[in-house]
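Shown below: run-v5.cif, with mmCIF, C-alpha atoms.
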data_data
#
loop_
_atom_site.label_atom_id
_atom_site.label_comp_id
_atom_site.auth_asym_id
_atom_site.auth_seq_id
_atom_site.Cartn_x
_atom_site.Cartn_y
_atom_site.Cartn_z
CA VAL W 1 -126.47 97.39 101.34
CA VAL W 2 -126.46 98.42 104.98
CA GLU W 3 -127.19 102.09 105.51
CA GLU W 4 -128.91 104.50 107.83
CA GLU W 5 -132.70 104.23 107.62
CA GLY W 6 -133.13 107.91 106.77
CA ALA W 7 -130.73 107.69 103.85
CA ALA W 8 -132.50 104.61 102.49
CA ARG W 9 -135.89 106.28 102.79
CA ARG W 10 -134.63 109.44 101.04
CA ARG W 11 -133.39 107.27 98.17
CA GLY W 12 -136.76 105.52 98.05
CA VAL W 13 -135.30 102.03 98.24
CA ARG W 14 -137.11 99.00 99.55
CA ILE W 15 -136.15 98.28 103.15
CA ARG W 16 -135.81 94.55 103.77
CA GLY W 17 -135.07 94.72 107.48
CA PHE W 18 -133.28 96.39 110.35
CA ILE W 19 -130.25 95.60 112.46
CA ALA W 20 -131.88 95.85 115.86
CA GLY W 21 -129.06 94.71 118.13
CA TYR W 22 -125.52 93.39 118.23
CA GLY W 23 -123.25 91.78 120.79
CA SER W 24 -119.76 90.29 120.72
CA THR W 25 -117.30 88.65 123.08
CA PHE W 26 -113.87 87.05 122.87
CA THR W 27 -113.04 83.66 124.41
CA GLY W 28 -109.70 82.76 122.83
CA PRO W 29 -108.66 80.53 119.93
CA SER W 30 -110.27 77.08 119.64
CA ARG W 31 -111.50 77.12 123.24
CA TRP W 32 -114.87 75.63 122.45
CA GLU W 33 -115.78 74.90 126.06
CA ARG W 34 -115.42 78.63 126.82
CA SER W 35 -117.23 79.66 123.64
CA ARG W 36 -120.49 78.45 125.19
CA GLU W 37 -120.32 81.16 127.83
CA GLY W 38 -118.97 83.77 125.41
CA LEU W 39 -121.57 83.15 122.73
CA ALA W 40 -124.41 83.10 125.28
CA GLN W 41 -123.19 86.47 126.58
CA ALA W 42 -123.00 87.88 123.03
CA ILE W 43 -126.60 86.75 122.47
CA ARG W 44 -127.76 88.38 125.71
CA VAL W 45 -126.02 91.65 124.80
CA ALA W 46 -127.56 91.62 121.32
CA LEU W 47 -131.02 90.97 122.78
CA GLU W 48 -130.58 93.79 125.28
CA ASP W 49 -129.30 96.13 122.57
CA ALA W 50 -132.37 95.28 120.47
CA GLU W 51 -134.71 95.58 123.47
CA CYS W 52 -135.84 92.08 122.51
CA ALA W 53 -137.04 89.30 124.80
CA PRO W 54 -135.78 85.78 124.05
CA GLU W 55 -139.36 84.75 123.21
CA GLU W 56 -139.41 87.27 120.35
CA ILE W 57 -136.74 85.38 118.41
CA ASP W 58 -138.51 83.54 115.59
CA VAL W 59 -135.50 81.83 113.99
CA VAL W 60 -131.81 81.30 114.76
CA PHE W 61 -129.20 81.16 112.02
CA ALA W 62 -126.51 79.09 113.72
CA ASP W 63 -122.77 79.37 113.19
CA ALA W 64 -122.63 75.55 112.80
CA LEU W 65 -118.88 75.11 112.55
CA GLY W 66 -119.15 71.36 112.02
CA VAL W 67 -116.76 70.54 114.88
CA PRO W 68 -118.67 68.44 117.45
CA GLU W 69 -117.31 70.32 120.50
CA ALA W 70 -118.01 73.70 118.90
CA ASP W 71 -121.52 72.74 117.78
CA ARG W 72 -122.34 71.37 121.24
CA ALA W 73 -121.12 74.62 122.83
CA GLU W 74 -123.26 76.62 120.39
CA ALA W 75 -126.38 74.55 121.11
CA LEU W 76 -125.84 75.00 124.83
CA ALA W 77 -125.24 78.75 124.38
CA ILE W 78 -128.55 79.08 122.53
CA ALA W 79 -130.27 77.22 125.38
CA ASP W 80 -128.50 79.33 128.02
CA ALA W 81 -129.37 82.66 126.39
CA LEU W 82 -132.90 81.89 125.18
CA GLY W 83 -133.94 79.86 128.21
CA PRO W 84 -137.18 77.85 127.84
CA HIS W 85 -137.69 79.34 124.36
CA GLY W 86 -134.40 77.81 123.14
CA PRO W 87 -135.65 74.30 122.34
CA ARG W 88 -138.77 75.70 120.60
CA VAL W 89 -137.24 78.25 118.23
CA PRO W 90 -136.42 76.93 114.73
CA VAL W 91 -132.66 76.79 114.10
CA THR W 92 -131.06 76.60 110.68
CA ALA W 93 -127.60 76.66 109.18
CA PRO W 94 -127.82 77.15 105.41
CA LYS W 95 -124.03 77.30 105.21
CA THR W 96 -123.89 73.50 105.56
CA GLY W 97 -124.83 73.54 101.88
CA PHE W 98 -122.20 76.00 100.64
CA GLY W 99 -119.47 76.15 103.29
CA ARG W 100 -118.04 78.93 105.41
CA VAL W 101 -116.73 80.85 102.37
CA HIS W 102 -113.68 82.30 104.10
CA CYS W 103 -115.42 84.41 106.75
CA ALA W 104 -118.24 85.53 104.43
CA ALA W 105 -120.74 83.03 105.85
CA PRO W 106 -122.17 85.47 108.44
CA THR W 107 -122.90 87.97 105.66
CA LEU W 108 -124.69 85.27 103.68
CA ASP W 109 -126.58 84.25 106.83
CA VAL W 110 -127.79 87.84 107.27
CA ALA W 111 -129.01 87.88 103.67
CA ALA W 112 -130.67 84.48 104.15
CA ALA W 113 -132.35 85.67 107.37
CA LEU W 114 -133.76 88.76 105.65
CA LEU W 115 -135.01 86.65 102.75
CA ALA W 116 -136.51 84.13 105.19
CA MET W 117 -138.51 86.93 106.80
CA GLU W 118 -139.54 88.29 103.41
CA HIS W 119 -140.61 84.91 102.01
CA ARG W 120 -142.08 83.57 105.28
CA VAL W 121 -139.99 80.46 105.42
CA VAL W 122 -137.13 78.97 107.44
CA PRO W 123 -134.56 77.47 105.07
CA PRO W 124 -133.25 73.99 105.83
CA THR W 125 -129.87 72.90 107.10
CA PRO W 126 -128.63 70.96 104.04
CA TYR W 127 -126.96 67.56 104.38
CA VAL W 128 -127.80 67.26 108.09
CA THR W 129 -130.26 64.56 109.10
CA ASP W 130 -129.09 63.51 112.57
CA VAL W 131 -129.83 66.18 115.19
CA CYS W 132 -127.56 65.61 118.18
CA HIS W 133 -128.68 68.54 120.33
CA ASP W 134 -131.89 69.68 121.98
CA LEU W 135 -132.70 72.11 119.17
CA ASP W 136 -135.53 72.46 116.69
CA LEU W 137 -133.11 72.12 113.78
CA VAL W 138 -134.80 72.58 110.41
CA THR W 139 -133.58 69.79 108.13
CA ARG W 140 -134.43 68.21 104.77
CA SER W 141 -136.74 70.99 103.49
CA SER W 142 -137.81 74.55 104.18
CA ARG W 143 -140.44 75.15 106.83
CA PRO W 144 -143.28 77.64 106.36
CA ALA W 145 -143.10 80.26 109.12
CA GLU W 146 -143.74 83.89 109.95
CA PRO W 147 -140.30 85.02 111.15
CA ARG W 148 -140.23 88.70 112.12
CA THR W 149 -137.11 88.61 114.28
CA ALA W 150 -133.98 86.59 113.52
CA LEU W 151 -130.86 85.89 115.54
CA VAL W 152 -127.70 85.37 113.46
CA LEU W 153 -124.71 83.80 115.21
CA SER W 154 -121.07 83.78 114.20
CA ARG W 155 -117.84 82.59 115.77
CA GLY W 156 -114.28 82.93 114.57
CA LEU W 157 -111.59 80.31 114.98
CA MET W 158 -109.52 82.85 116.91
CA GLY W 159 -112.21 83.25 119.58
CA CYS W 160 -114.65 85.95 118.48
CA ASN W 161 -118.33 85.30 119.26
CA ALA W 162 -120.96 87.53 117.68
CA ALA W 163 -124.75 87.76 117.69
CA LEU W 164 -126.94 89.99 115.53
CA VAL W 165 -130.67 90.57 115.98
CA LEU W 166 -132.51 91.42 112.77
CA ARG W 167 -136.08 92.63 112.51
CA GLY W 168 -138.27 92.58 109.44
CA PRO W 169 -139.38 95.85 107.88
CA GLU W 170 -143.06 95.67 108.75
CA GLY W 171 -144.65 97.31 111.76
CA ASP W 172 -143.41 98.36 115.15
CA TYR W 173 -141.98 95.86 117.60
#
For this file, write the structure as structure tokens.
Amino acid sequence: VVEEEGAARRRGVRIRGFIAGYGSTFTGPSRWERSREGLAQAIRVALEDAECAPEEIDVVFADALGVPEADRAEALAIADALGPHGPRVPVTAPKTGFGRVHCAAPTLDVAAALLAMEHRVVPPTPYVTDVCHDLDLVTRSSRPAEPRTALVLSRGLMGCNAALVLRGPEGDY
């Protein structure tokens, strides 16, 4: 459930995390070469909205469309937006194990990111063993970690690019 913090606190529910920032752009249908620029801009807007430096991102949940041109554009967008931190931040795409589920994959990625922060682990990218990009892609098995801030990426086939910054519930940032 996504709700205002005050309402959640009044109900006494456990808070698993916060939506700290969001950004979106539009680059047109199946224009993967342009999606690099659009996704990088969405990431920058989300970081600015969250008042978050690129170095604060502890894990990236990639869109991982599975189309070589799209995945290359996404890897380059991560590098463009996160700069020198890009190749060092763990990247995962759990949806390679269950599919895109008709546009529900970003919602599942948000849930997975919150659980990753809660359980101090970065889940693997199932069924992927050959990393073709300059990313720290988590494969084969989960990786112990202390993620406090996650970046969740999503792109639509019609050209929407979106980035969401999530923060864990503990402490001030």
**Report entry** Spatial neighbours of Ser24 in chain W, max dist 10 Å, only C-alpha atoms, sep filter under 2 positions, as a list of chain:residue names
**Finding:**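 With the cut-off at 10 Å, the set is W:Tyr22, W:Phe26, W:Gly38, W:Leu39, W:Ala40, W:Gln41, W:Ala42, W:Ile43, W:Arg44, W:Val45, W:Ala46, W:Leu153, W:Ser154, W:Arg155, W:Cys160, W:Asn161, W:Ala162, W:Ala163, W:Leu164.
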Report task. One decimal, Å: what's the distance from CA of Asp63 in chain W over to CA of Ala93 in chain W, could you say? Result ->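 Atom-to-atom, CA of Asp63 in chain W to CA of Ala93 in chain W, that is 6.8 Å.
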Query raised in the report: W:Ile57, W:Met158, W:Val1, W:Ala75: which is nearest Cys103 in chain W, counting all atoms listed in the file?
Result: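 Of all the options, W:Met158 lies closest to Cys103 in chain W.
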Query raised in the report: Could you list as a list in words every residue that has an atom within 9 Å of (-135.2, 75.4, 114.7), using the file's coordinates and counting only C-alpha atoms?
Result: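 The answer, in the requested form, is Asp58, Val59, Val60, Phe61, Gly86, Pro87, Arg88, Val89, Pro90, Val91, Thr92, Val122, Leu135, Asp136, Leu137, Val138 and Thr139 of chain W.
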Could you write out as a JSON list (two decimals) with C-alpha atoms, in the frame of the given file the residues that the PyMOL selection byres ((chain W and resi 20) around 8) matches in the shown file?
[["chain", "number", "residue", "atom", "x", "y", "z"],
["W", 18, "PHE", "CA", -133.28, 96.39, 110.35],
["W", 19, "ILE", "CA", -130.25, 95.60, 112.46],
["W", 21, "GLY", "CA", -129.06, 94.71, 118.13],
["W", 22, "TYR", "CA", -125.52, 93.39, 118.23],
["W", 49, "ASP", "CA", -129.30, 96.13, 122.57],
["W", 50, "ALA", "CA", -132.37, 95.28, 120.47],
["W", 164, "LEU", "CA", -126.94, 89.99, 115.53],
["W", 165, "VAL", "CA", -130.67, 90.57, 115.98],
["W", 166, "LEU", "CA", -132.51, 91.42, 112.77],
["W", 167, "ARG", "CA", -136.08, 92.63, 112.51]]
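Nearest to Val131 in chain W of all the residues W:Glu5, W:Glu33, W:Asp71, W:Asp80 is W:Asp71, counting only C-alpha atoms.
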Query raised in the report: Hey, what comes out of the PyMOL selection byres ((chain W and resi 107) around 12) on this file? Could you write it as a VMD selection string?
Result: chain W and resid 1 to 2 61 63 94 to 95 100 to 106 108 to 114 152 to 154 164
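Note that the spacing between CA of Ala145 in chain W and CA of Ala8 in chain W amounts to 27.4 Å.
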Report task. Kindly indicate which residue among W:Ala53, W:Leu151, W:Val13, W:Ala73 lies nearest to Arg31 in chain W, using all atoms listed in the file for the distances. Result ->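 For Arg31 in chain W, the nearest of the given residues is W:Ala73.
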Query raised in the report: Nearest to Gly66 in chain W: which of W:Glu37, W:Cys132, W:Ala116, W:Pro123 is it, counting only C-alpha atoms?
Result: W:Cys132
Requested in this report: Figure out the distance between CA of Gly97 in chain W and CA of Val67 in chain W, please, to one decimal in Å.
Outcome: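 For CA of Val67 in chain W relative to CA of Gly97 in chain W, the distance reads 15.6 Å.
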Query raised in the report: What lies within 10 Å of Glu56 in chain W using only C-alpha atoms, ignoring chain neighbours under 6 positions off, as a list of chain:residue names?
Result: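 That gives W:Leu47, W:Leu82, W:His85, W:Val89, W:Pro147, W:Arg148, W:Thr149, W:Ala150, W:Leu151, W:Tyr173.
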Report summary line: Counting all atoms listed in the file, the residue among W:Arg120, W:His133, W:Arg9, W:Arg16 that lies closest to Glu74 in chain W is W:His133
N, CA and C atoms for range 151-171 of chain W, written as a JSON list (two decimals), in the frame of the given file, could you do that?
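Contents of the output file part.json:
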[["chain", "number", "residue", "atom", "x", "y", "z"],
["W", 151, "LEU", "N", -132.13, 85.81, 114.82],
["W", 151, "LEU", "CA", -130.86, 85.89, 115.54],
["W", 151, "LEU", "C", -129.82, 85.19, 114.68],
["W", 152, "VAL", "N", -128.77, 85.92, 114.29],
["W", 152, "VAL", "CA", -127.70, 85.37, 113.46],
["W", 152, "VAL", "C", -126.45, 85.26, 114.32],
["W", 153, "LEU", "N", -125.87, 84.05, 114.37],
["W", 153, "LEU", "CA", -124.71, 83.80, 115.21],
["W", 153, "LEU", "C", -123.47, 83.55, 114.36],
["W", 154, "SER", "N", -122.33, 83.98, 114.90],
["W", 154, "SER", "CA", -121.07, 83.78, 114.20],
["W", 154, "SER", "C", -119.95, 83.64, 115.23],
["W", 155, "ARG", "N", -119.02, 82.74, 114.92],
["W", 155, "ARG", "CA", -117.84, 82.59, 115.77],
["W", 155, "ARG", "C", -116.62, 82.46, 114.88],
["W", 156, "GLY", "N", -115.53, 83.05, 115.31],
["W", 156, "GLY", "CA", -114.28, 82.93, 114.57],
["W", 156, "GLY", "C", -113.36, 81.92, 115.23],
["W", 157, "LEU", "N", -112.52, 81.31, 114.45],
["W", 157, "LEU", "CA", -111.59, 80.31, 114.98],
["W", 157, "LEU", "C", -110.63, 80.91, 116.00],
["W", 158, "MET", "N", -110.43, 82.21, 115.96],
["W", 158, "MET", "CA", -109.52, 82.85, 116.91],
["W", 158, "MET", "C", -110.22, 83.31, 118.18],
["W", 159, "GLY", "N", -111.53, 83.02, 118.31],
["W", 159, "GLY", "CA", -112.21, 83.25, 119.58],
["W", 159, "GLY", "C", -113.25, 84.33, 119.63],
["W", 160, "CYS", "N", -113.59, 84.93, 118.50],
["W", 160, "CYS", "CA", -114.65, 85.95, 118.48],
["W", 160, "CYS", "C", -116.01, 85.26, 118.46],
["W", 161, "ASN", "N", -116.95, 85.77, 119.24],
["W", 161, "ASN", "CA", -118.33, 85.30, 119.26],
["W", 161, "ASN", "C", -119.21, 86.51, 118.99],
["W", 162, "ALA", "N", -120.12, 86.38, 118.03],
["W", 162, "ALA", "CA", -120.96, 87.53, 117.68],
["W", 162, "ALA", "C", -122.40, 87.09, 117.49],
["W", 163, "ALA", "N", -123.31, 87.99, 117.84],
["W", 163, "ALA", "CA", -124.75, 87.76, 117.69],
["W", 163, "ALA", "C", -125.37, 89.04, 117.14],
["W", 164, "LEU", "N", -126.26, 88.87, 116.18],
["W", 164, "LEU", "CA", -126.94, 89.99, 115.53],
["W", 164, "LEU", "C", -128.43, 89.72, 115.55],
["W", 165, "VAL", "N", -129.21, 90.69, 116.01],
["W", 165, "VAL", "CA", -130.67, 90.57, 115.98],
["W", 165, "VAL", "C", -131.18, 91.40, 114.81],
["W", 166, "LEU", "N", -131.93, 90.75, 113.93],
["W", 166, "LEU", "CA", -132.51, 91.42, 112.77],
["W", 166, "LEU", "C", -134.02, 91.44, 112.92],
["W", 167, "ARG", "N", -134.62, 92.53, 112.50],
["W", 167, "ARG", "CA", -136.08, 92.63, 112.51],
["W", 167, "ARG", "C", -136.53, 92.90, 111.08],
["W", 168, "GLY", "N", -137.69, 92.34, 110.75],
["W", 168, "GLY", "CA", -138.27, 92.58, 109.44],
["W", 168, "GLY", "C", -138.74, 94.01, 109.31],
["W", 169, "PRO", "N", -139.04, 94.45, 108.11],
["W", 169, "PRO", "CA", -139.38, 95.85, 107.88],
["W", 169, "PRO", "C", -140.78, 96.26, 108.30],
["W", 170, "GLU", "N", -141.68, 95.31, 108.51],
["W", 170, "GLU", "CA", -143.06, 95.67, 108.75],
["W", 170, "GLU", "C", -143.37, 95.96, 110.21],
["W", 171, "GLY", "N", -144.09, 97.01, 110.44],
["W", 171, "GLY", "CA", -144.65, 97.31, 111.76],
["W", 171, "GLY", "C", -143.66, 97.66, 112.85]]
